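Coordinates from coords13.cif are shown below (mmCIF, C-alpha atoms).
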```
data_target
#
loop_
_atom_site.label_atom_id
_atom_site.label_comp_id
_atom_site.auth_asym_id
_atom_site.auth_seq_id
_atom_site.Cartn_x
_atom_site.Cartn_y
_atom_site.Cartn_z
CA MET A 26 -70.98 24.40 212.63
CA SER A 27 -69.05 27.06 214.49
CA GLU A 28 -65.91 24.94 214.34
CA GLN A 29 -65.81 25.36 210.62
CA GLN A 30 -63.52 28.34 210.91
CA HIS A 31 -60.67 26.03 211.89
CA THR A 32 -60.89 24.24 208.61
CA SER A 33 -59.75 27.01 206.37
CA SER A 34 -56.47 27.78 208.14
CA PRO A 35 -53.77 26.34 205.88
CA SER A 36 -51.03 27.18 208.39
CA GLY A 37 -52.01 24.49 210.91
CA ARG A 38 -50.06 21.26 210.58
CA HIS A 39 -53.15 19.18 211.27
CA ARG A 40 -55.79 20.89 209.23
CA LEU A 41 -59.31 19.77 210.09
CA GLU A 42 -61.37 18.90 207.05
CA GLY A 43 -64.59 20.82 206.54
CA PRO A 44 -67.90 19.28 205.54
CA LYS A 45 -68.00 21.05 202.16
CA ASN A 46 -66.51 18.26 200.02
CA HIS A 47 -68.72 15.71 201.75
CA TYR A 48 -71.87 17.72 201.00
CA ILE A 49 -70.77 18.14 197.38
CA THR A 50 -70.19 14.37 197.11
CA TYR A 51 -73.63 13.72 198.61
CA ILE A 52 -75.39 16.07 196.20
CA ALA A 53 -73.40 14.77 193.23
CA SER A 54 -74.27 11.18 194.21
CA ILE A 55 -77.97 12.04 194.40
CA LEU A 56 -77.85 13.79 191.02
CA LEU A 57 -76.02 10.86 189.39
CA THR A 58 -78.54 8.44 190.92
CA MET A 59 -81.50 10.51 189.72
CA LEU A 60 -79.99 10.70 186.25
CA ALA A 61 -79.61 6.91 186.14
CA PHE A 62 -83.20 6.33 187.33
CA ALA A 63 -84.58 8.94 184.91
CA ALA A 64 -82.73 7.37 181.99
CA VAL A 65 -84.49 4.06 182.64
CA MET A 66 -87.91 5.32 183.76
CA TYR A 67 -88.62 8.19 181.39
CA LEU A 68 -86.32 8.03 178.39
CA GLY A 69 -86.80 5.21 175.93
CA LEU A 70 -83.11 4.75 175.27
CA ASP A 71 -81.32 2.09 173.29
CA LYS A 72 -80.44 -0.88 175.52
CA MET A 73 -76.76 -1.00 174.64
CA PHE A 74 -76.45 2.71 175.37
CA LEU A 75 -78.24 2.21 178.71
CA VAL A 76 -75.80 -0.54 179.76
CA ILE A 77 -72.80 1.68 179.13
CA PHE A 78 -74.50 4.75 180.62
CA LEU A 79 -75.65 3.02 183.83
CA VAL A 80 -72.36 1.24 184.49
CA GLY A 81 -70.51 4.48 183.72
CA MET A 82 -72.67 6.47 186.17
CA ALA A 83 -72.10 3.80 188.83
CA ILE A 84 -68.33 3.86 188.36
CA VAL A 85 -68.23 7.67 188.55
CA GLN A 86 -70.25 7.63 191.76
CA ALA A 87 -68.17 4.81 193.29
CA VAL A 88 -64.87 6.57 192.52
CA LEU A 89 -66.23 9.83 193.93
CA GLN A 90 -67.29 8.18 197.19
CA LEU A 91 -64.06 6.20 197.51
CA ALA A 92 -61.99 9.34 196.96
CA VAL A 93 -63.86 11.76 199.20
CA TRP A 94 -65.86 9.80 201.79
CA MET A 95 -63.28 7.08 202.24
CA HIS A 96 -60.41 9.61 202.02
CA MET A 97 -58.55 7.79 199.28
CA LYS A 98 -57.62 11.08 197.66
CA GLU A 99 -55.51 12.00 200.68
CA ARG A 100 -51.83 11.21 201.09
CA ASP A 101 -50.59 7.93 202.60
CA HIS A 102 -53.16 5.87 200.75
CA VAL A 103 -50.81 3.96 198.43
CA TYR A 104 -51.48 0.53 199.97
CA PRO A 105 -55.27 1.01 200.13
CA ILE A 106 -55.21 2.01 196.45
CA ILE A 107 -53.15 -1.10 195.58
CA GLY A 108 -55.52 -3.31 197.60
CA ILE A 109 -58.65 -1.87 195.98
CA ALA A 110 -57.03 -1.93 192.53
CA PHE A 111 -56.29 -5.66 192.90
CA GLY A 112 -59.86 -6.25 194.07
CA ALA A 113 -61.20 -4.25 191.12
CA PHE A 114 -58.93 -6.17 188.74
CA VAL A 115 -60.35 -9.54 189.82
CA ALA A 116 -63.91 -8.19 190.00
CA ILE A 117 -63.76 -6.66 186.51
CA GLY A 118 -62.07 -9.83 185.23
CA GLY A 119 -64.96 -11.96 186.51
CA PHE A 120 -67.41 -9.46 185.08
CA MET A 121 -65.78 -9.61 181.66
CA ALA A 122 -65.61 -13.42 181.72
CA ALA A 123 -69.34 -13.63 182.49
CA ILE A 124 -70.23 -11.22 179.69
CA PHE A 125 -67.90 -13.08 177.31
CA TRP A 126 -69.63 -16.38 178.08
CA MET A 127 -72.99 -14.77 177.53
CA TRP A 128 -72.31 -13.29 174.13
CA TRP A 129 -70.02 -15.83 172.44
CA MET E 21 -68.05 10.61 231.33
CA ALA E 22 -67.85 10.73 227.60
CA ASN E 23 -66.91 14.38 227.84
CA VAL E 24 -63.57 13.63 229.51
CA HIS E 25 -61.92 13.60 226.12
CA ASP E 26 -63.59 16.69 224.77
CA MET E 27 -60.72 18.88 225.88
CA GLY E 28 -58.49 18.33 222.88
CA THR E 29 -56.10 16.00 224.67
CA LEU E 30 -56.04 13.50 221.80
CA PRO E 31 -53.83 13.75 218.70
CA ALA E 32 -55.39 15.32 215.61
CA GLU E 33 -56.11 12.02 213.91
CA PRO E 34 -56.58 9.61 216.82
CA GLU E 35 -57.31 6.67 214.52
CA LYS E 36 -53.80 6.85 213.06
CA ALA E 37 -51.95 7.86 216.22
CA THR E 38 -50.71 4.36 217.08
CA LEU E 39 -49.04 1.73 214.92
CA GLU E 40 -51.82 -0.67 215.87
CA GLY E 41 -54.43 1.79 214.64
CA LYS E 42 -52.55 2.35 211.37
CA ASN E 43 -52.19 -1.40 210.82
CA LYS E 44 -55.85 -1.95 211.59
CA ILE E 45 -56.86 0.54 208.90
CA LEU E 46 -54.40 -0.89 206.37
CA GLY E 47 -55.58 -4.43 207.08
CA PHE E 48 -59.15 -3.28 206.68
CA TRP E 49 -58.43 -1.81 203.25
CA LEU E 50 -56.99 -5.15 202.16
CA PHE E 51 -60.14 -6.82 203.51
CA LEU E 52 -62.23 -4.40 201.44
CA GLY E 53 -60.20 -5.44 198.39
CA GLY E 54 -61.18 -9.04 199.15
CA GLU E 55 -64.81 -7.99 199.63
CA MET E 56 -64.64 -6.44 196.19
CA VAL E 57 -63.59 -9.80 194.76
CA LEU E 58 -66.50 -11.48 196.57
CA PHE E 59 -69.08 -9.05 195.24
CA GLY E 60 -67.39 -8.99 191.81
CA THR E 61 -67.89 -12.73 191.40
CA LEU E 62 -71.49 -12.51 192.65
CA PHE E 63 -72.15 -9.73 190.14
CA ALA E 64 -70.53 -11.78 187.39
CA SER E 65 -72.74 -14.79 188.08
CA PHE E 66 -75.82 -12.57 188.31
CA ILE E 67 -75.06 -11.01 184.92
CA ALA E 68 -74.55 -14.43 183.37
CA LEU E 69 -77.82 -15.79 184.80
CA ARG E 70 -80.14 -12.80 184.96
CA ASN E 71 -82.09 -13.76 181.84
CA SER E 72 -82.33 -17.46 182.71
CA VAL E 73 -85.99 -17.51 183.68
CA PRO E 74 -87.65 -20.68 182.38
CA GLU E 75 -90.64 -20.06 184.62
CA GLY E 76 -91.54 -17.52 187.26
CA PRO E 77 -91.45 -13.76 186.97
CA THR E 78 -88.65 -11.79 185.31
CA GLY E 79 -86.96 -8.77 186.84
CA ASP E 80 -88.84 -6.48 184.50
CA GLN E 81 -92.14 -7.80 185.87
CA ILE E 82 -91.46 -7.59 189.59
CA PHE E 83 -88.95 -4.80 190.26
CA LYS E 84 -90.50 -1.66 191.72
CA LEU E 85 -88.15 1.21 191.04
CA GLY E 86 -89.89 3.59 193.45
CA MET E 87 -89.00 1.41 196.42
CA VAL E 88 -85.45 0.94 195.13
CA ALA E 89 -85.08 4.72 194.82
CA VAL E 90 -86.18 5.20 198.45
CA ALA E 91 -83.76 2.48 199.63
CA THR E 92 -80.96 4.10 197.63
CA PHE E 93 -81.69 7.49 199.16
CA ILE E 94 -81.70 6.03 202.70
CA LEU E 95 -78.38 4.23 202.25
CA LEU E 96 -76.74 7.21 200.58
CA THR E 97 -77.84 9.47 203.43
CA SER E 98 -76.52 6.98 205.99
CA SER E 99 -73.15 7.09 204.24
CA LEU E 100 -73.16 10.87 204.68
CA THR E 101 -74.08 10.61 208.37
CA SER E 102 -71.18 8.23 209.00
CA VAL E 103 -68.84 10.74 207.38
CA MET E 104 -70.29 13.42 209.67
CA ALA E 105 -69.49 11.13 212.59
CA MET E 106 -65.87 10.89 211.50
CA MET E 107 -65.65 14.68 211.21
CA ALA E 108 -67.00 14.99 214.74
CA MET E 109 -64.42 12.40 215.85
CA HIS E 110 -61.59 14.48 214.39
CA ARG E 111 -62.91 17.40 216.43
CA GLN E 112 -63.08 15.14 219.49
CA GLN E 113 -66.80 15.76 219.92
CA VAL E 114 -67.69 12.32 221.26
CA LYS E 115 -71.39 12.98 221.79
CA LYS E 116 -71.84 14.37 218.32
CA MET E 117 -69.95 11.44 216.81
CA LEU E 118 -72.10 8.90 218.66
CA THR E 119 -75.28 10.73 217.66
CA TRP E 120 -74.33 10.60 213.97
CA LEU E 121 -73.42 6.92 214.29
CA TRP E 122 -76.78 6.15 215.91
CA VAL E 123 -78.48 7.97 213.04
CA THR E 124 -76.49 5.76 210.68
CA VAL E 125 -77.68 2.65 212.54
CA VAL E 126 -81.31 3.77 212.34
CA LEU E 127 -81.03 4.49 208.61
CA GLY E 128 -79.40 1.08 208.12
CA LEU E 129 -82.32 -0.55 209.93
CA ALA E 130 -84.78 1.37 207.74
CA PHE E 131 -82.97 0.10 204.65
CA LEU E 132 -83.10 -3.47 205.97
CA GLY E 133 -86.80 -3.17 206.73
CA LEU E 134 -87.49 -2.03 203.16
CA GLU E 135 -85.42 -4.88 201.76
CA ILE E 136 -87.19 -7.51 203.87
CA TYR E 137 -90.56 -6.08 202.81
CA GLU E 138 -89.40 -6.20 199.19
CA PHE E 139 -88.23 -9.82 199.42
CA VAL E 140 -91.48 -10.93 201.07
CA GLU E 141 -93.40 -9.26 198.26
CA TYR E 142 -91.28 -11.00 195.62
CA VAL E 143 -91.75 -14.40 197.23
CA HIS E 144 -95.52 -13.88 197.15
CA GLU E 145 -95.24 -13.16 193.44
CA GLY E 146 -93.43 -16.46 192.83
CA HIS E 147 -89.88 -15.07 192.67
CA THR E 148 -88.01 -17.33 195.12
CA PHE E 149 -84.47 -18.62 195.64
CA THR E 150 -85.28 -21.81 193.73
CA SER E 151 -87.75 -20.49 191.12
CA SER E 152 -85.08 -19.81 188.49
CA ALA E 153 -81.34 -19.21 188.04
CA PHE E 154 -82.23 -15.52 187.98
CA GLY E 155 -83.88 -15.92 191.39
CA THR E 156 -80.90 -17.77 192.86
CA SER E 157 -78.31 -15.28 191.62
CA PHE E 158 -80.54 -12.34 192.58
CA TYR E 159 -81.08 -13.44 196.18
CA THR E 160 -77.43 -14.46 196.57
CA LEU E 161 -76.13 -11.09 195.40
CA VAL E 162 -78.71 -8.76 196.98
CA GLY E 163 -79.01 -10.98 200.06
CA PHE E 164 -75.24 -10.92 200.60
CA HIS E 165 -75.36 -7.15 200.48
CA GLY E 166 -78.30 -7.14 202.91
CA ALA E 167 -76.37 -9.43 205.24
CA HIS E 168 -73.49 -6.96 205.13
CA VAL E 169 -75.88 -4.16 206.07
CA ALA E 170 -77.28 -6.27 208.94
CA PHE E 171 -73.76 -7.02 210.18
CA GLY E 172 -72.79 -3.35 209.89
CA VAL E 173 -75.85 -2.25 211.88
CA CYS E 174 -74.98 -4.65 214.74
CA TRP E 175 -71.28 -3.75 214.62
CA ILE E 176 -71.80 0.02 214.69
CA ALA E 177 -74.45 -0.27 217.41
CA LEU E 178 -72.04 -2.29 219.58
CA LEU E 179 -69.26 0.23 218.91
CA CYS E 180 -71.61 3.05 219.97
CA ILE E 181 -72.36 1.27 223.25
CA GLN E 182 -68.64 0.78 223.81
CA GLY E 183 -68.05 4.41 222.87
CA MET E 184 -70.57 5.55 225.47
CA LYS E 185 -68.63 3.63 228.11
CA LYS E 186 -65.03 4.21 227.05
CA GLY E 187 -65.24 7.50 225.17
CA LEU E 188 -62.82 8.41 222.42
CA THR E 189 -59.26 7.14 222.84
CA VAL E 190 -56.46 6.08 220.53
CA VAL E 191 -57.76 2.53 221.06
CA THR E 192 -61.43 3.15 220.21
CA ALA E 193 -60.87 5.71 217.41
CA PRO E 194 -59.52 3.19 214.82
CA LYS E 195 -62.58 1.01 215.44
CA PHE E 196 -64.96 3.85 214.62
CA TYR E 197 -62.91 4.81 211.58
CA VAL E 198 -62.80 1.27 210.22
CA ALA E 199 -66.55 0.82 210.79
CA SER E 200 -67.22 3.99 208.83
CA LEU E 201 -65.01 2.74 205.97
CA TYR E 202 -67.05 -0.49 205.99
CA TRP E 203 -70.29 1.44 205.85
CA HIS E 204 -69.14 3.54 202.88
CA PHE E 205 -68.10 0.36 201.11
CA ILE E 206 -71.58 -1.10 201.61
CA ASP E 207 -73.02 2.01 200.00
CA VAL E 208 -70.59 1.77 197.06
CA VAL E 209 -71.68 -1.85 196.48
CA TRP E 210 -75.31 -0.75 196.55
CA VAL E 211 -74.61 1.80 193.80
CA PHE E 212 -73.69 -1.11 191.53
CA ILE E 213 -76.65 -3.19 192.70
CA PHE E 214 -79.26 -0.56 191.90
CA SER E 215 -77.60 0.17 188.55
CA VAL E 216 -76.86 -3.34 187.35
CA VAL E 217 -79.58 -5.40 189.04
CA TYR E 218 -82.60 -3.11 189.22
CA LEU E 219 -82.20 -0.46 186.52
CA LEU E 220 -80.74 -2.81 183.90
CA GLY E 221 -83.28 -5.45 184.96
CA LYS E 222 -86.05 -2.96 184.26
CA ALA E 223 -84.47 -1.99 180.96
CA GLY E 224 -84.74 -5.61 179.86
#
```
File written out as structure tokens:
Amino acid sequence: MSEQQHTSSPSGRHRLEGPKNHYITYIASILLTMLAFAAVMYLGLDKMFLVIFLVGMAIVQAVLQLAVWMHMKERDHVYPIIGIAFGAFVAIGGFMAAIFWMWW
Amino acid sequence: MANVHDMGTLPAEPEKATLEGKNKILGFWLFLGGEMVLFGTLFASFIALRNSVPEGPTGDQIFKLGMVAVATFILLTSSLTSVMAMMAMHRQQVKKMLTWLWVTVVLGLAFLGLEIYEFVEYVHEGHTFTSSAFGTSFYTLVGFHGAHVAFGVCWIALLCIQGMKKGLTVVTAPKFYVASLYWHFIDVVWVFIFSVVYLLGKAG
């Protein structure tokens, strides 16, 4: 990666992004995944806690990948964020409705 | 031939250099929002039906977490390789970009192979599309994701062949970028599948 030296020059108008954040996201995703698997396979945790823990881990990992790998954290991503937020709104709404039907 | 464009003649972000490219990416984000709705409803029906097993095996009995962990690792790695491809694209290294994309395709095929093997195994154990409501919602949700992976593999492979012929231009760059967005999205959906379907299924 000899071209990496270009990435750290803040003066350039078009700064090339380095691989660092992507590696960090990859390692963080693997750690979050391992944590989720370990919680189910090795720790006899309470089921309600597991539900919240697993969904929480998944949301953290999804947001991380959306922000870094799909570049949503960068500027000029207002419309993508609105689009995904609407999608998430309907998806979470359906999710909630299904759980509501199940429990009441 | 592919090296014609290696000289830095393209703009810094070739995928956003034209209005058409910008619109393509914006339209694709809106499509991904719609995809989210699709998978959200499939997840919702799976959650509502996952314990409806009058006969046939339950998730707890058939899921093998070791295989799921391997599949997760493969798909996660393929998401990283497609990001490496986009970094190579921004440096106008066409060969490097195509190599990373081919690696992504191979990893996608490996994931598909594992999933097909897994489904065949389940069917042999009596867990089929019609065995229970759990079976129907399981195969619809996970199968839809698998179909997305299969489509992505074909799409990226075709783009790579086109890239070998046409190289990197302001016309081809948005296609690569959009395909990589799609691939990341497939990985994000899988994160929820392994958490909600497999891990919660194993937890009971």
Problem set entry | Residue nearest chain A among E:Trp120, E:Phe212, E:Trp203, E:Tyr218 (counting only C-alpha atoms) |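 When distances to chain A are compared using only C-alpha atoms, the smallest one comes from E:Phe212.
Going from atom CA of A:Trp126 to atom CA of E:Ala153 covers 15.6 Å.
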Problem set entry | For atom CA of E:Lys115 and atom CA of A:Tyr48, the interatomic separation in Å (one decimal) |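 Taking atom CA of E:Lys115 and atom CA of A:Tyr48, their separation equals 21.3 Å.
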When the PyMOL selection byres ((chain A) within 7 of (chain E)) is applied to the file above, which residues end up in the set, as a PDB file with C-alpha atoms, keeping the file's coordinate frame?
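Saved the output as expr_18.pdb:
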```
ATOM      1  CA  HIS A  39     -53.150  19.180 211.270  1.00  0.00           C
ATOM      2  CA  TYR A  51     -73.630  13.720 198.610  1.00  0.00           C
ATOM      3  CA  PHE A  62     -83.200   6.330 187.330  1.00  0.00           C
ATOM      4  CA  VAL A  65     -84.490   4.060 182.640  1.00  0.00           C
ATOM      5  CA  LYS A  72     -80.440  -0.880 175.520  1.00  0.00           C
ATOM      6  CA  VAL A  76     -75.800  -0.540 179.760  1.00  0.00           C
ATOM      7  CA  LEU A  79     -75.650   3.020 183.830  1.00  0.00           C
ATOM      8  CA  VAL A  80     -72.360   1.240 184.490  1.00  0.00           C
ATOM      9  CA  ALA A  83     -72.100   3.800 188.830  1.00  0.00           C
ATOM     10  CA  ALA A  87     -68.170   4.810 193.290  1.00  0.00           C
ATOM     11  CA  TRP A  94     -65.860   9.800 201.790  1.00  0.00           C
ATOM     12  CA  MET A  95     -63.280   7.080 202.240  1.00  0.00           C
ATOM     13  CA  PRO A 105     -55.270   1.010 200.130  1.00  0.00           C
ATOM     14  CA  GLY A 108     -55.520  -3.310 197.600  1.00  0.00           C
ATOM     15  CA  ILE A 109     -58.650  -1.870 195.980  1.00  0.00           C
ATOM     16  CA  PHE A 111     -56.290  -5.660 192.900  1.00  0.00           C
ATOM     17  CA  GLY A 112     -59.860  -6.250 194.070  1.00  0.00           C
ATOM     18  CA  ALA A 113     -61.200  -4.250 191.120  1.00  0.00           C
ATOM     19  CA  VAL A 115     -60.350  -9.540 189.820  1.00  0.00           C
ATOM     20  CA  ALA A 116     -63.910  -8.190 190.000  1.00  0.00           C
ATOM     21  CA  ILE A 117     -63.760  -6.660 186.510  1.00  0.00           C
ATOM     22  CA  GLY A 119     -64.960 -11.960 186.510  1.00  0.00           C
ATOM     23  CA  PHE A 120     -67.410  -9.460 185.080  1.00  0.00           C
ATOM     24  CA  ALA A 123     -69.340 -13.630 182.490  1.00  0.00           C
ATOM     25  CA  ILE A 124     -70.230 -11.220 179.690  1.00  0.00           C
ATOM     26  CA  MET A 127     -72.990 -14.770 177.530  1.00  0.00           C
TER      27      MET A 127
END
```
Problem set entry | Who sits within 12 Å of E:Phe171, all atoms listed in the file, same chain under 5 positions skipped, as an NGL selection string | :E and (125 or 128-129 or 132 or 164-166 or 176-178 or 199 or 202-203 or 206)
For this session: Between atom CA of A:Leu91 and atom CA of A:Thr50, measure the distance and give it in Å to one decimal.
Result: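 Taking atom CA of A:Leu91 as the start and atom CA of A:Thr50 as the end point, the length is 10.2 Å.
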For this session: Translate the PyMOL selection byres ((chain A and resi 53) around 12), as applied to the file shown, into an explicit residue set as a list in words.
Result: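 On this input, the PyMOL selection byres ((chain A and resi 53) around 12) captures Asn46, His47, Tyr48, Ile49, Thr50, Tyr51, Ile52, Ser54, Ile55, Leu56, Leu57, Thr58, Met59, Leu60, Met82, Ala83, Val85, Gln86, Ala87, Val88, Leu89, Gln90 and Val93 of chain A; Leu96 of chain E.
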Exercise. Counting only C-alpha atoms, what is within 10 Å of E:Gly163, bar same-chain residues fewer than 4 positions away, as a ChimeraX atom specification?
Worked result: /E:135-136,139,157-159,167-169
For this session: May I have the protein, DNA and RNA residues with any atom at most 10 Å from the point (-83.8, -16.7, 195.2), counting all atoms listed in the file, written as a PyMOL selection string?
Result: chain E and resi 139+142-143+146-163
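With all atoms listed in the file as the atoms that count, the residue of E:Ala37, E:Val90, E:Met109, E:Leu95 with the shortest distance to E:Val123 is E:Leu95.
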Problem set entry | Polymer residues at most 7 Å from E:Ile94, all atoms listed in the file, same-chain spacing of 4 or more positions, as a list in words |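 The residues that qualify are Val90, Ser98, Leu127 and Phe131 of chain E.
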Output file for the selection above: C-alpha atoms, as a CSV table (one decimal), in the coordinates of the input:
```csv
chain,number,residue,atom,x,y,z
E,90,VAL,CA,-86.2,5.2,198.4
E,98,SER,CA,-76.5,7.0,206.0
E,127,LEU,CA,-81.0,4.5,208.6
E,131,PHE,CA,-83.0,0.1,204.6
```
